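Student: input-v2.pdb is reproduced below (PDB, C-alpha atoms).
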```pdb
ATOM      1  CA  MET R   1       0.000   0.000   0.000
ATOM      2  CA  GLY R   2       1.293   3.474  -0.873
ATOM      3  CA  MET R   3       2.007   6.187   1.650
ATOM      4  CA  THR R   4      -1.162   7.672   3.146
ATOM      5  CA  LEU R   5      -1.827  11.403   3.369
ATOM      6  CA  SER R   6      -1.220  11.138   7.105
ATOM      7  CA  GLN R   7       2.272   9.716   6.576
ATOM      8  CA  GLN R   8       3.072  12.302   3.899
ATOM      9  CA  THR R   9       2.022  15.074   6.265
ATOM     10  CA  GLN R  10       4.084  13.752   9.162
ATOM     11  CA  GLN R  11       7.202  14.058   7.039
ATOM     12  CA  LYS R  12       6.635  17.833   6.773
ATOM     13  CA  ILE R  13       5.445  18.844  10.253
ATOM     14  CA  SER R  14       6.621  18.549  13.831
ATOM     15  CA  PRO R  15       6.013  15.129  15.445
ATOM     16  CA  MET R  16       3.081  16.123  17.667
ATOM     17  CA  SER R  17       1.153  18.608  15.534
ATOM     18  CA  GLY R  18      -0.505  15.941  13.422
ATOM     19  CA  THR R  19      -2.163  14.033  16.277
ATOM     20  CA  PRO R  20      -5.488  12.793  14.846
ATOM     21  CA  LYS R  21      -8.932  13.896  15.928
ATOM     22  CA  TYR R  22     -12.194  12.271  14.921
ATOM     23  CA  SER R  23     -15.953  12.691  15.059
ATOM     24  CA  THR R  24     -19.056  10.940  13.824
ATOM     25  CA  ALA R  25     -20.866  12.299  10.776
ATOM     26  CA  GLU R  26     -24.597  11.857  10.283
ATOM     27  CA  LEU R  27     -27.161  13.633   8.139
ATOM     28  CA  ASN R  28     -30.191  15.224   9.710
ATOM     29  CA  GLU R  29     -33.571  13.679   8.960
ATOM     30  CA  ALA R  30     -34.507  16.073   6.160
ATOM     31  CA  ARG R  31     -31.184  15.716   4.362
ATOM     32  CA  GLN R  32     -31.230  11.924   4.728
ATOM     33  CA  ARG R  33     -34.746  11.752   3.267
ATOM     34  CA  ALA R  34     -33.685  13.927   0.338
ATOM     35  CA  LEU R  35     -30.677  11.721  -0.312
ATOM     36  CA  GLU R  36     -32.793   8.563  -0.168
ATOM     37  CA  ALA R  37     -35.404  10.063  -2.522
ATOM     38  CA  ALA R  38     -32.693  10.970  -5.029
ATOM     39  CA  ARG R  39     -31.288   7.434  -4.881
ATOM     40  CA  ARG R  40     -34.762   5.945  -5.470
ATOM     41  CA  ARG R  41     -35.235   8.137  -8.532
ATOM     42  CA  GLN R  42     -31.856   7.106  -9.873
ATOM     43  CA  ALA R  43     -32.587   3.437  -9.113
ATOM     44  CA  ARG R  44     -35.803   3.630 -11.168
ATOM     45  CA  GLU R  45     -33.878   5.093 -14.096
ATOM     46  CA  GLU R  46     -31.261   2.362 -13.805
ATOM     47  CA  GLU R  47     -33.988  -0.304 -13.688
ATOM     48  CA  HIS R  48     -35.593   1.133 -16.825
ATOM     49  CA  THR R  49     -32.279   1.162 -18.680
ATOM     50  CA  ARG R  50     -31.502  -2.396 -17.585
ATOM     51  CA  ARG R  51     -34.883  -3.642 -18.829
ATOM     52  CA  GLN R  52     -34.387  -1.868 -22.164
ATOM     53  CA  VAL R  53     -30.985  -3.491 -22.644
ATOM     54  CA  GLU R  54     -32.414  -6.865 -21.665
ATOM     55  CA  LYS R  55     -35.270  -6.493 -24.156
ATOM     56  CA  GLN R  56     -32.921  -5.555 -27.002
ATOM     57  CA  GLU R  57     -30.625  -8.484 -26.215
ATOM     58  CA  TRP R  58     -33.620 -10.844 -26.003
ATOM     59  CA  GLU R  59     -34.789  -9.774 -29.456
ATOM     60  CA  ARG R  60     -31.302 -10.238 -30.872
ATOM     61  CA  ARG R  61     -31.025 -13.724 -29.389
ATOM     62  CA  GLN R  62     -34.498 -14.664 -30.620
ATOM     63  CA  THR R  63     -33.606 -13.687 -34.180
ATOM     64  CA  LEU R  64     -30.367 -15.654 -33.981
ATOM     65  CA  TRP R  65     -32.167 -18.668 -32.510
ATOM     66  CA  ARG R  66     -34.726 -18.758 -35.344
ATOM     67  CA  GLN R  67     -31.979 -18.451 -37.950
ATOM     68  CA  GLN R  68     -30.048 -21.323 -36.419
ATOM     69  CA  LYS R  69     -33.136 -23.555 -36.304
ATOM     70  CA  LEU R  70     -33.844 -22.908 -39.967
ATOM     71  CA  SER R  71     -30.244 -23.582 -40.959
ATOM     72  CA  ARG R  72     -30.401 -26.926 -39.137
ATOM     73  CA  GLY R  73     -33.692 -27.824 -40.806
ATOM     74  CA  GLU R  74     -35.508 -28.051 -37.479
ATOM     75  CA  GLY R  75     -38.504 -25.997 -38.549
ATOM     76  CA  GLN R  76     -40.437 -28.964 -40.021
ATOM     77  CA  SER R  77     -40.207 -31.471 -37.154
ATOM     78  CA  ALA R  78     -41.677 -31.278 -33.675
ATOM     79  CA  PRO R  79     -39.042 -30.500 -30.994
ATOM     80  CA  ALA R  80     -38.521 -32.688 -27.970
ATOM     81  CA  PRO R  81     -40.872 -31.873 -25.060
ATOM     82  CA  GLY R  82     -39.490 -29.004 -22.995
ATOM     83  CA  ARG R  83     -36.784 -28.090 -25.479
ATOM     84  CA  ILE R  84     -38.324 -24.814 -26.659
ATOM     85  CA  GLU R  85     -38.982 -23.698 -23.073
ATOM     86  CA  ALA R  86     -35.383 -24.560 -22.151
ATOM     87  CA  GLU R  87     -33.959 -22.663 -25.126
ATOM     88  CA  MET R  88     -36.144 -19.657 -24.323
ATOM     89  CA  ALA R  89     -34.879 -19.741 -20.750
ATOM     90  CA  VAL R  90     -31.275 -19.791 -22.001
ATOM     91  CA  ALA R  91     -31.992 -16.776 -24.206
ATOM     92  CA  ALA R  92     -33.644 -14.929 -21.315
ATOM     93  CA  LEU R  93     -30.768 -15.769 -18.971
ATOM     94  CA  GLY R  94     -28.218 -14.570 -21.514
ATOM     95  CA  SER R  95     -30.156 -11.337 -21.985
ATOM     96  CA  LEU R  96     -30.278 -10.784 -18.246
ATOM     97  CA  CYS R  97     -26.509 -11.328 -17.940
ATOM     98  CA  VAL R  98     -25.820  -8.735 -20.644
ATOM     99  CA  ALA R  99     -28.189  -6.207 -19.067
ATOM    100  CA  MET R 100     -26.625  -6.581 -15.627
ATOM    101  CA  GLN R 101     -23.097  -6.300 -17.017
ATOM    102  CA  GLN R 102     -24.050  -3.024 -18.675
ATOM    103  CA  ASP R 103     -25.480  -1.632 -15.440
ATOM    104  CA  ALA R 104     -22.849   0.811 -14.154
ATOM    105  CA  LEU R 105     -24.094   0.680 -10.554
ATOM    106  CA  LEU R 106     -23.952  -3.110 -10.343
ATOM    107  CA  MET R 107     -20.531  -3.271 -11.972
ATOM    108  CA  ARG R 108     -19.201  -0.549  -9.670
ATOM    109  CA  TRP R 109     -20.133  -2.323  -6.451
ATOM    110  CA  LEU R 110     -20.565  -6.024  -7.276
ATOM    111  CA  PRO R 111     -18.655  -6.871 -10.470
ATOM    112  CA  ARG R 112     -17.601 -10.342  -9.342
ATOM    113  CA  GLU R 113     -21.123 -11.342  -8.339
ATOM    114  CA  VAL R 114     -22.548 -10.086 -11.635
ATOM    115  CA  LEU R 115     -19.942 -11.922 -13.697
ATOM    116  CA  ASP R 116     -20.611 -15.098 -11.687
ATOM    117  CA  LEU R 117     -24.014 -15.271 -13.405
ATOM    118  CA  GLU R 118     -22.130 -16.282 -16.540
ATOM    119  CA  ILE R 119     -21.581 -19.630 -14.822
ATOM    120  CA  MET R 120     -25.343 -20.120 -14.649
ATOM    121  CA  LEU R 121     -25.616 -19.272 -18.336
ATOM    122  CA  ARG R 122     -22.967 -21.823 -19.317
ATOM    123  CA  ASP R 123     -24.676 -24.451 -17.149
ATOM    124  CA  ALA R 124     -28.017 -23.702 -18.824
ATOM    125  CA  GLU R 125     -26.521 -23.947 -22.304
ATOM    126  CA  GLN R 126     -24.864 -27.263 -21.463
ATOM    127  CA  ALA R 127     -28.127 -28.576 -20.039
ATOM    128  CA  VAL R 128     -29.857 -28.012 -23.393
ATOM    129  CA  VAL R 129     -27.072 -29.876 -25.191
ATOM    130  CA  GLU R 130     -27.538 -32.782 -22.788
ATOM    131  CA  ASN R 131     -31.371 -32.715 -23.086
ATOM    132  CA  ARG R 132     -31.780 -31.714 -19.431
ATOM    133  CA  PHE R 133     -34.553 -29.297 -20.273
ATOM    134  CA  ALA R 134     -35.862 -28.749 -16.754
ATOM    135  CA  LEU R 135     -32.663 -27.040 -15.569
ATOM    136  CA  PRO R 136     -32.535 -23.791 -17.647
ATOM    137  CA  PRO R 137     -35.910 -22.423 -16.409
ATOM    138  CA  HIS R 138     -34.806 -23.150 -12.850
ATOM    139  CA  LEU R 139     -31.502 -21.336 -13.386
ATOM    140  CA  LEU R 140     -33.329 -18.373 -14.925
ATOM    141  CA  GLU R 141     -35.563 -18.086 -11.871
ATOM    142  CA  GLN R 142     -32.502 -18.278  -9.627
ATOM    143  CA  ALA R 143     -30.772 -15.546 -11.644
ATOM    144  CA  ARG R 144     -33.828 -13.298 -11.335
ATOM    145  CA  ARG R 145     -33.697 -13.633  -7.543
ATOM    146  CA  SER R 146     -29.965 -12.884  -7.605
ATOM    147  CA  GLU R 147     -30.620  -9.756  -9.656
ATOM    148  CA  GLN R 148     -33.067  -8.435  -7.062
ATOM    149  CA  ARG R 149     -30.631  -9.129  -4.229
ATOM    150  CA  LEU R 150     -27.631  -7.580  -5.984
ATOM    151  CA  VAL R 151     -29.555  -4.472  -7.031
ATOM    152  CA  ALA R 152     -30.670  -3.937  -3.413
ATOM    153  CA  GLN R 153     -27.102  -4.358  -2.156
ATOM    154  CA  ALA R 154     -25.673  -2.000  -4.778
ATOM    155  CA  ASN R 155     -28.267   0.673  -4.037
ATOM    156  CA  ALA R 156     -27.587   0.459  -0.301
ATOM    157  CA  ALA R 157     -23.845   0.825  -0.932
ATOM    158  CA  GLN R 158     -24.366   3.739  -3.296
ATOM    159  CA  LEU R 159     -26.537   5.517  -0.729
ATOM    160  CA  LYS R 160     -23.619   5.350   1.716
ATOM    161  CA  ALA R 161     -21.319   6.698  -0.980
ATOM    162  CA  ASP R 162     -23.768   9.532  -1.707
ATOM    163  CA  LYS R 163     -23.689  10.431   1.990
ATOM    164  CA  ARG R 164     -19.865  10.301   2.071
ATOM    165  CA  ASP R 165     -19.682  12.532  -1.005
ATOM    166  CA  HIS R 166     -22.150  15.017   0.475
ATOM    167  CA  VAL R 167     -20.194  15.251   3.733
ATOM    168  CA  ALA R 168     -16.853  15.769   1.950
ATOM    169  CA  ARG R 169     -18.299  18.293  -0.506
ATOM    170  CA  SER R 170     -20.019  20.229   2.272
ATOM    171  CA  MET R 171     -16.861  20.325   4.380
ATOM    172  CA  ALA R 172     -14.897  21.743   1.455
ATOM    173  CA  ILE R 173     -17.464  24.514   0.878
ATOM    174  CA  VAL R 174     -17.568  25.439   4.576
ATOM    175  CA  LEU R 175     -13.786  25.526   4.912
ATOM    176  CA  GLN R 176     -13.556  27.745   1.831
ATOM    177  CA  ALA R 177     -16.052  30.134   3.451
ATOM    178  CA  MET R 178     -13.821  30.125   6.554
ATOM    179  CA  GLY R 179     -10.846  31.362   4.562
ATOM    180  CA  PHE R 180      -9.141  28.120   3.539
ATOM    181  CA  VAL R 181      -8.026  27.103   0.088
ATOM    182  CA  THR R 182      -9.211  23.565  -0.515
ATOM    183  CA  THR R 183      -8.237  20.905  -3.008
ATOM    184  CA  GLN R 184     -10.841  18.655  -4.604
ATOM    185  CA  ALA R 185     -11.472  15.655  -2.400
ATOM    186  CA  GLY R 186      -9.396  12.764  -3.709
ATOM    187  CA  GLU R 187      -9.794   9.028  -3.301
ATOM    188  CA  GLU R 188      -7.414   7.304  -0.907
ATOM    189  CA  HIS R 189      -7.653   4.197  -3.087
ATOM    190  CA  PRO R 190      -8.400   5.444  -6.620
ATOM    191  CA  GLY R 191     -11.022   3.441  -8.455
ATOM    192  CA  HIS R 192     -12.301   1.634  -5.339
ATOM    193  CA  PRO R 193     -15.935   2.694  -4.721
ATOM    194  CA  ALA R 194     -15.694   2.181  -0.947
ATOM    195  CA  THR R 195     -12.584   4.340  -0.544
ATOM    196  CA  ALA R 196     -12.339   7.175   1.945
ATOM    197  CA  LEU R 197     -12.213  10.683   0.464
ATOM    198  CA  LEU R 198      -9.255  12.829   1.493
ATOM    199  CA  LEU R 199      -9.728  16.581   1.804
ATOM    200  CA  ARG R 200      -6.963  19.151   2.330
ATOM    201  CA  ALA R 201      -7.599  22.791   3.289
ATOM    202  CA  GLU R 202      -4.762  25.299   3.730
ATOM    203  CA  LYS R 203      -4.176  28.876   4.778
ATOM    204  CA  ALA R 204      -1.223  31.041   3.765
ATOM    205  CA  SER R 205      -0.434  31.426   7.485
ATOM    206  CA  GLY R 206       0.369  27.714   7.656
ATOM    207  CA  GLU R 207      -2.729  26.301   9.337
ATOM    208  CA  ASN R 208      -4.042  23.179   7.608
ATOM    209  CA  VAL R 209      -7.047  20.922   7.969
ATOM    210  CA  LEU R 210      -6.686  17.397   6.639
ATOM    211  CA  ALA R 211      -9.827  15.282   6.699
ATOM    212  CA  SER R 212     -10.607  11.679   5.836
ATOM    213  CA  VAL R 213     -14.286  10.969   5.118
ATOM    214  CA  PRO R 214     -14.929   7.202   4.954
ATOM    215  CA  LEU R 215     -17.833   5.277   3.516
ATOM    216  CA  GLU R 216     -18.715   4.248   7.071
ATOM    217  CA  GLY R 217     -17.334   5.175  10.462
ATOM    218  CA  ASP R 218     -15.754   8.309  11.865
ATOM    219  CA  VAL R 219     -14.399  11.316  10.026
ATOM    220  CA  TRP R 220     -10.736  11.813  10.957
ATOM    221  CA  TYR R 221      -8.839  15.084  11.037
ATOM    222  CA  GLU R 222      -5.271  16.272  11.347
ATOM    223  CA  MET R 223      -4.504  19.923  12.101
ATOM    224  CA  PRO R 224      -0.874  20.646  11.210
ATOM    225  CA  GLY R 225       0.281  24.200  11.822
ATOM    226  CA  TYR R 226      -1.829  24.791  14.926
ATOM    227  CA  PRO R 227      -0.168  25.292  18.353
ATOM    228  CA  HIS R 228      -0.731  22.378  20.682
ATOM    229  CA  THR R 229      -0.473  21.351  24.319
ATOM    230  CA  VAL R 230       0.864  17.958  25.323
ATOM    231  CA  GLU R 231      -1.323  16.309  27.946
ATOM    232  CA  GLN R 232      -1.206  12.983  29.743
ATOM    233  CA  ASN R 233      -3.914  10.353  29.912
ATOM    234  CA  GLY R 234      -4.666   9.904  33.596
ATOM    235  CA  THR R 235      -5.515   6.234  33.126
ATOM    236  CA  THR R 236      -2.839   4.996  30.748
ATOM    237  CA  GLY R 237      -0.136   7.582  31.377
ATOM    238  CA  GLU R 238       0.215   8.042  27.619
ATOM    239  CA  HIS R 239       0.940  11.535  26.292
ATOM    240  CA  PHE R 240      -1.125  13.112  23.530
ATOM    241  CA  ALA R 241      -1.559  16.564  21.960
ATOM    242  CA  THR R 242      -4.591  18.839  22.247
ATOM    243  CA  CYS R 243      -5.146  22.218  20.642
ATOM    244  CA  ALA R 244      -7.778  24.759  21.674
ATOM    245  CA  ALA R 245      -7.497  26.733  18.425
ATOM    246  CA  ALA R 246      -7.962  23.651  16.270
ATOM    247  CA  GLU R 247     -10.914  22.470  18.328
ATOM    248  CA  THR R 248     -12.516  25.924  18.112
ATOM    249  CA  LEU R 249     -12.199  25.869  14.336
ATOM    250  CA  LEU R 250     -13.613  22.364  14.001
ATOM    251  CA  ASN R 251     -16.556  23.261  16.221
ATOM    252  CA  ALA R 252     -17.242  26.337  14.088
ATOM    253  CA  MET R 253     -17.163  24.091  11.020
ATOM    254  CA  ARG R 254     -19.587  21.722  12.732
ATOM    255  CA  SER R 255     -22.091  24.536  13.331
ATOM    256  CA  ARG R 256     -21.984  25.706   9.704
ATOM    257  CA  LEU R 257     -22.272  22.175   8.344
ATOM    258  CA  SER R 258     -25.371  21.531  10.426
ATOM    259  CA  ALA R 259     -27.068  24.826   9.623
ATOM    260  CA  THR R 260     -26.351  24.904   5.894
ATOM    261  CA  PHE R 261     -25.921  21.321   4.700
ATOM    262  CA  GLY R 262     -27.732  19.138   7.227
ATOM    263  CA  VAL R 263     -24.498  17.403   8.269
ATOM    264  CA  ASP R 264     -24.354  16.704  11.993
ATOM    265  CA  LEU R 265     -20.805  16.053  13.170
ATOM    266  CA  GLY R 266     -20.467  14.577  16.616
ATOM    267  CA  GLU R 267     -18.274  15.987  19.348
ATOM    268  CA  ILE R 268     -14.621  16.247  18.331
ATOM    269  CA  GLN R 269     -12.578  13.509  20.016
ATOM    270  CA  TRP R 270      -8.785  13.533  20.351
ATOM    271  CA  ALA R 271      -6.996  10.274  19.630
ATOM    272  CA  GLU R 272      -5.088   9.308  22.749
ATOM    273  CA  LYS R 273      -2.092   7.955  20.882
ATOM    274  CA  THR R 274       1.207   9.457  19.800
ATOM    275  CA  PRO R 275       1.700   9.884  16.033
ATOM    276  CA  HIS R 276       4.291   7.105  16.118
ATOM    277  CA  HIS R 277       1.693   4.667  17.381
ATOM    278  CA  VAL R 278      -0.907   5.900  14.927
ATOM    279  CA  GLU R 279       1.454   5.582  11.980
ATOM    280  CA  SER R 280       2.404   2.047  12.964
ATOM    281  CA  HIS R 281      -1.289   1.148  13.170
ATOM    282  CA  GLU R 282      -1.918   2.571   9.694
ATOM    283  CA  GLN R 283       0.752   0.429   8.114
ATOM    284  CA  ALA R 284      -0.848  -2.706   9.520
ATOM    285  CA  LEU R 285      -4.288  -1.989   8.050
ATOM    286  CA  PRO R 286      -5.430  -3.963   4.986
ATOM    287  CA  ALA R 287      -5.877  -1.903   1.844
ATOM    288  CA  SER R 288      -9.591  -2.697   1.706
ATOM    289  CA  HIS R 289     -10.215  -0.933   5.032
ATOM    290  CA  PRO R 290      -8.393   2.400   4.742
ATOM    291  CA  ALA R 291      -7.971   4.707   7.750
ATOM    292  CA  PRO R 292      -5.390   7.323   6.832
ATOM    293  CA  PHE R 293      -5.495   9.338  10.059
ATOM    294  CA  GLY R 294      -5.897   6.644  12.706
ATOM    295  CA  LYS R 295      -8.276   3.820  13.439
ATOM    296  CA  ASN R 296     -11.518   3.889  11.478
ATOM    297  CA  ARG R 297     -14.294   2.983  13.884
ATOM    298  CA  SER R 298     -17.488   1.476  12.480
TER     299      SER R 298
END
```
Please, can you express the file's structure as structure tokens?
Tutor:
Amino acid sequence: MGMTLSQQTQQKISPMSGTPKYSTAELNEARQRALEAARRRQAREEEHTRRQVEKQEWERRQTLWRQQKLSRGEGQSAPAPGRIEAEMAVAALGSLCVAMQQDALLMRWLPREVLDLEIMLRDAEQAVVENRFALPPHLLEQARRSEQRLVAQANAAQLKADKRDHVARSMAIVLQAMGFVTTQAGEEHPGHPATALLLRAEKASGENVLASVPLEGDVWYEMPGYPHTVEQNGTTGEHFATCAAAETLLNAMRSRLSATFGVDLGEIQWAEKTPHHVESHEQALPASHPAPFGKNRS
């Protein structure tokens, strides 16, 4: 795994100034309803497109099937019982596979599961060759159930991504209004739909806000350039940094996010670990569960 933004930052700043902070991030009821309504509208459009692709593929396969039957001279004799139904099921299953593979949402979140349906299609085709005509309709029914399940899973995942994107976008706008220059939120793991988004906001005076907005779990911050006080955990004896100026800024950001964008950030918590410990923890994390500024609590 490449160097995280946290590790890059720690190369440029003093050892304690990057101590991570974190908070929860939830949408208020009105914003959550609006996000869910938008996802339902998009899901209906995706369903319509998928059905159109399936219909076009079905018609193409039907034409090809009739041409093949005529070329084999099968139009004059009665087919074996169940054969036509089996061949129709194979055509329908193939059409469904094509439609699902052309669905951007499904292929973004569940590409392996969608491509696994090709196994059902090959099994159905082989069953017709072997005169096992009862199997293709059964496989088609099974594929239809899989489609419903996968679409529901993909829509649920995309709704989480829509929330993540809204939080990151709103944070960038608020920080700009507070005098920061922000960069467009980038993906920690480019091309992975479940990646955390990394946001950097800077001032000419040297104060920076680095934020990691995950698909699920806490938003993490680092505040390089802000003065800090080293305190000691009364229970563990471990030293950690706090910073009144940084906390004041984050709380001001929280208020604006809630009032303007319906994003409710929880109370800012300070990670009670030294940056050395945090960095060591980061390096041990699997790439599929990124947490660039500390542990990523679910």
Student: For the structure shown, which residues end up in the PyMOL selection byres ((chain R and resi 187) around 10)? Put them as an NGL selection string, please?
Tutor: :R and (184-186 or 188-199 or 212-214)
Student: When the PyMOL selection byres ((chain R and resi 110) around 12) is applied to the file above, which residues end up in the set, as a ChimeraX atom specification?
Tutor: /R:100-101,103-109,111-117,146-147,149-158,192-194
Student: Rank R:Leu159, R:Met88, R:Val167, R:Ala43 by their smallest atom-to-atom distance to Leu64 of chain R, using all atoms listed in the file, and report the top residue only.
Tutor: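 Once distances to Leu64 of chain R are computed over all atoms listed in the file, the minimum belongs to R:Met88.
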Student: For Thr248 of chain R, which residue out of R:Glu54, R:His48, R:Met223, R:Arg169 is the nearest one, using all atoms listed in the file?
Tutor: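 Closest candidate: R:Met223.
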Student: Can you work out the spacing between atom CA of Ala246 of chain R and atom CA of Trp270 of chain R in Å, to one decimal?
Tutor: 10.9 Å
Student: May I ask which of the residues R:Lys163, R:Gln232, R:Leu96, R:Val174 is the closest one to Arg144 of chain R, counting all atoms listed in the file?
Tutor: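 Among the listed residues, the smallest separation from Arg144 of chain R belongs to R:Leu96.
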Student: Mind pulling up the distance from atom CA of Ala134 of chain R to atom CA of Pro81 of chain R?
Tutor: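 These atoms are spaced 10.2 Å apart.
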Student: Please evaluate the PyMOL selection byres ((chain R and resi 136) around 6) against the displayed coordinates and give the resulting residues as a PyMOL selection string.
Tutor: chain R and resi 86+89+124+135+137-139
Student: What does the structure give for the distance between atom CA of Arg50 of chain R and atom CA of Gln102 of chain R, in Å to one decimal?
Tutor: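 Calculated distance between atom CA of Arg50 of chain R and atom CA of Gln102 of chain R is 7.6 Å.
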Student: As lines of an AutoDock Vina configuration file, please report the centre and edge lengths, rounded to one decimal in Å, of the axis-aligned box that holds all listed atoms of segment 80-95 of chain R with 8 Å of padding on each of the six sides.
Tutor:
```
center_x = -34.5
center_y = -22.0
center_z = -23.5
size_x = 28.7
size_y = 37.4
size_z = 25.0
```
Student: Considering only C-alpha atoms, state which residue in the set R:Tyr22, R:Glu125, R:Ser205, R:Ala177 is at the smallest distance from Arg256 of chain R.
Tutor: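 So, comparing all the options, the nearest one is R:Ala177.
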Student: Counting all atoms listed in the file, which residue out of R:Glu59, R:Glu222, R:Asp162, R:Glu45 sits closest to Ala201 of chain R?
Tutor: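 Under the stated criterion, the closest residue is R:Glu222.
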Student: Could you complete segment 149-156 of chain R so that it carries all heavy atoms, and give it back as a PDB file, keeping the file's coordinate frame?
Tutor:
```pdb
ATOM      1  N   ARG R 149     -31.507  -9.249  -5.408  1.00  0.00           N
ATOM      2  CA  ARG R 149     -30.631  -9.129  -4.229  1.00  0.00           C
ATOM      3  C   ARG R 149     -29.439  -8.210  -4.510  1.00  0.00           C
ATOM      4  O   ARG R 149     -29.101  -7.346  -3.698  1.00  0.00           O
ATOM      5  CB  ARG R 149     -30.154 -10.522  -3.807  1.00  0.00           C
ATOM      6  CG  ARG R 149     -29.123 -10.521  -2.687  1.00  0.00           C
ATOM      7  CD  ARG R 149     -28.770 -11.945  -2.283  1.00  0.00           C
ATOM      8  NE  ARG R 149     -28.353 -12.756  -3.409  1.00  0.00           N
ATOM      9  CZ  ARG R 149     -27.107 -12.751  -3.916  1.00  0.00           C
ATOM     10  NH1 ARG R 149     -26.181 -11.949  -3.393  1.00  0.00           N
ATOM     11  NH2 ARG R 149     -26.802 -13.530  -4.931  1.00  0.00           N
ATOM     12  N   LEU R 150     -28.809  -8.373  -5.658  1.00  0.00           N
ATOM     13  CA  LEU R 150     -27.631  -7.580  -5.984  1.00  0.00           C
ATOM     14  C   LEU R 150     -27.986  -6.109  -6.193  1.00  0.00           C
ATOM     15  O   LEU R 150     -27.235  -5.217  -5.791  1.00  0.00           O
ATOM     16  CB  LEU R 150     -26.943  -8.146  -7.229  1.00  0.00           C
ATOM     17  CG  LEU R 150     -26.354  -9.554  -7.087  1.00  0.00           C
ATOM     18  CD1 LEU R 150     -25.749 -10.019  -8.409  1.00  0.00           C
ATOM     19  CD2 LEU R 150     -25.316  -9.606  -5.974  1.00  0.00           C
ATOM     20  N   VAL R 151     -29.126  -5.856  -6.832  1.00  0.00           N
ATOM     21  CA  VAL R 151     -29.555  -4.472  -7.031  1.00  0.00           C
ATOM     22  C   VAL R 151     -29.794  -3.798  -5.682  1.00  0.00           C
ATOM     23  O   VAL R 151     -29.408  -2.644  -5.468  1.00  0.00           O
ATOM     24  CB  VAL R 151     -30.824  -4.419  -7.909  1.00  0.00           C
ATOM     25  CG1 VAL R 151     -31.468  -3.038  -7.855  1.00  0.00           C
ATOM     26  CG2 VAL R 151     -30.478  -4.782  -9.349  1.00  0.00           C
ATOM     27  N   ALA R 152     -30.431  -4.509  -4.748  1.00  0.00           N
ATOM     28  CA  ALA R 152     -30.670  -3.937  -3.413  1.00  0.00           C
ATOM     29  C   ALA R 152     -29.354  -3.645  -2.706  1.00  0.00           C
ATOM     30  O   ALA R 152     -29.189  -2.582  -2.075  1.00  0.00           O
ATOM     31  CB  ALA R 152     -31.525  -4.899  -2.588  1.00  0.00           C
ATOM     32  N   GLN R 153     -28.400  -4.568  -2.800  1.00  0.00           N
ATOM     33  CA  GLN R 153     -27.102  -4.358  -2.156  1.00  0.00           C
ATOM     34  C   GLN R 153     -26.362  -3.175  -2.776  1.00  0.00           C
ATOM     35  O   GLN R 153     -25.761  -2.356  -2.057  1.00  0.00           O
ATOM     36  CB  GLN R 153     -26.256  -5.629  -2.263  1.00  0.00           C
ATOM     37  CG  GLN R 153     -26.761  -6.792  -1.433  1.00  0.00           C
ATOM     38  CD  GLN R 153     -25.922  -8.047  -1.636  1.00  0.00           C
ATOM     39  OE1 GLN R 153     -24.961  -8.057  -2.395  1.00  0.00           O
ATOM     40  NE2 GLN R 153     -26.297  -9.112  -0.961  1.00  0.00           N
ATOM     41  N   ALA R 154     -26.383  -3.091  -4.097  1.00  0.00           N
ATOM     42  CA  ALA R 154     -25.673  -2.000  -4.778  1.00  0.00           C
ATOM     43  C   ALA R 154     -26.294  -0.648  -4.449  1.00  0.00           C
ATOM     44  O   ALA R 154     -25.583   0.344  -4.239  1.00  0.00           O
ATOM     45  CB  ALA R 154     -25.674  -2.240  -6.284  1.00  0.00           C
ATOM     46  N   ASN R 155     -27.618  -0.588  -4.376  1.00  0.00           N
ATOM     47  CA  ASN R 155     -28.267   0.673  -4.037  1.00  0.00           C
ATOM     48  C   ASN R 155     -27.970   1.093  -2.609  1.00  0.00           C
ATOM     49  O   ASN R 155     -27.775   2.283  -2.330  1.00  0.00           O
ATOM     50  CB  ASN R 155     -29.779   0.567  -4.254  1.00  0.00           C
ATOM     51  CG  ASN R 155     -30.187   0.833  -5.688  1.00  0.00           C
ATOM     52  OD1 ASN R 155     -29.926   1.906  -6.226  1.00  0.00           O
ATOM     53  ND2 ASN R 155     -30.809  -0.139  -6.321  1.00  0.00           N
ATOM     54  N   ALA R 156     -27.927   0.138  -1.694  1.00  0.00           N
ATOM     55  CA  ALA R 156     -27.587   0.459  -0.301  1.00  0.00           C
ATOM     56  C   ALA R 156     -26.157   0.989  -0.203  1.00  0.00           C
ATOM     57  O   ALA R 156     -25.880   1.950   0.523  1.00  0.00           O
ATOM     58  CB  ALA R 156     -27.758  -0.782   0.575  1.00  0.00           C
TER      59      ALA R 156
END
```
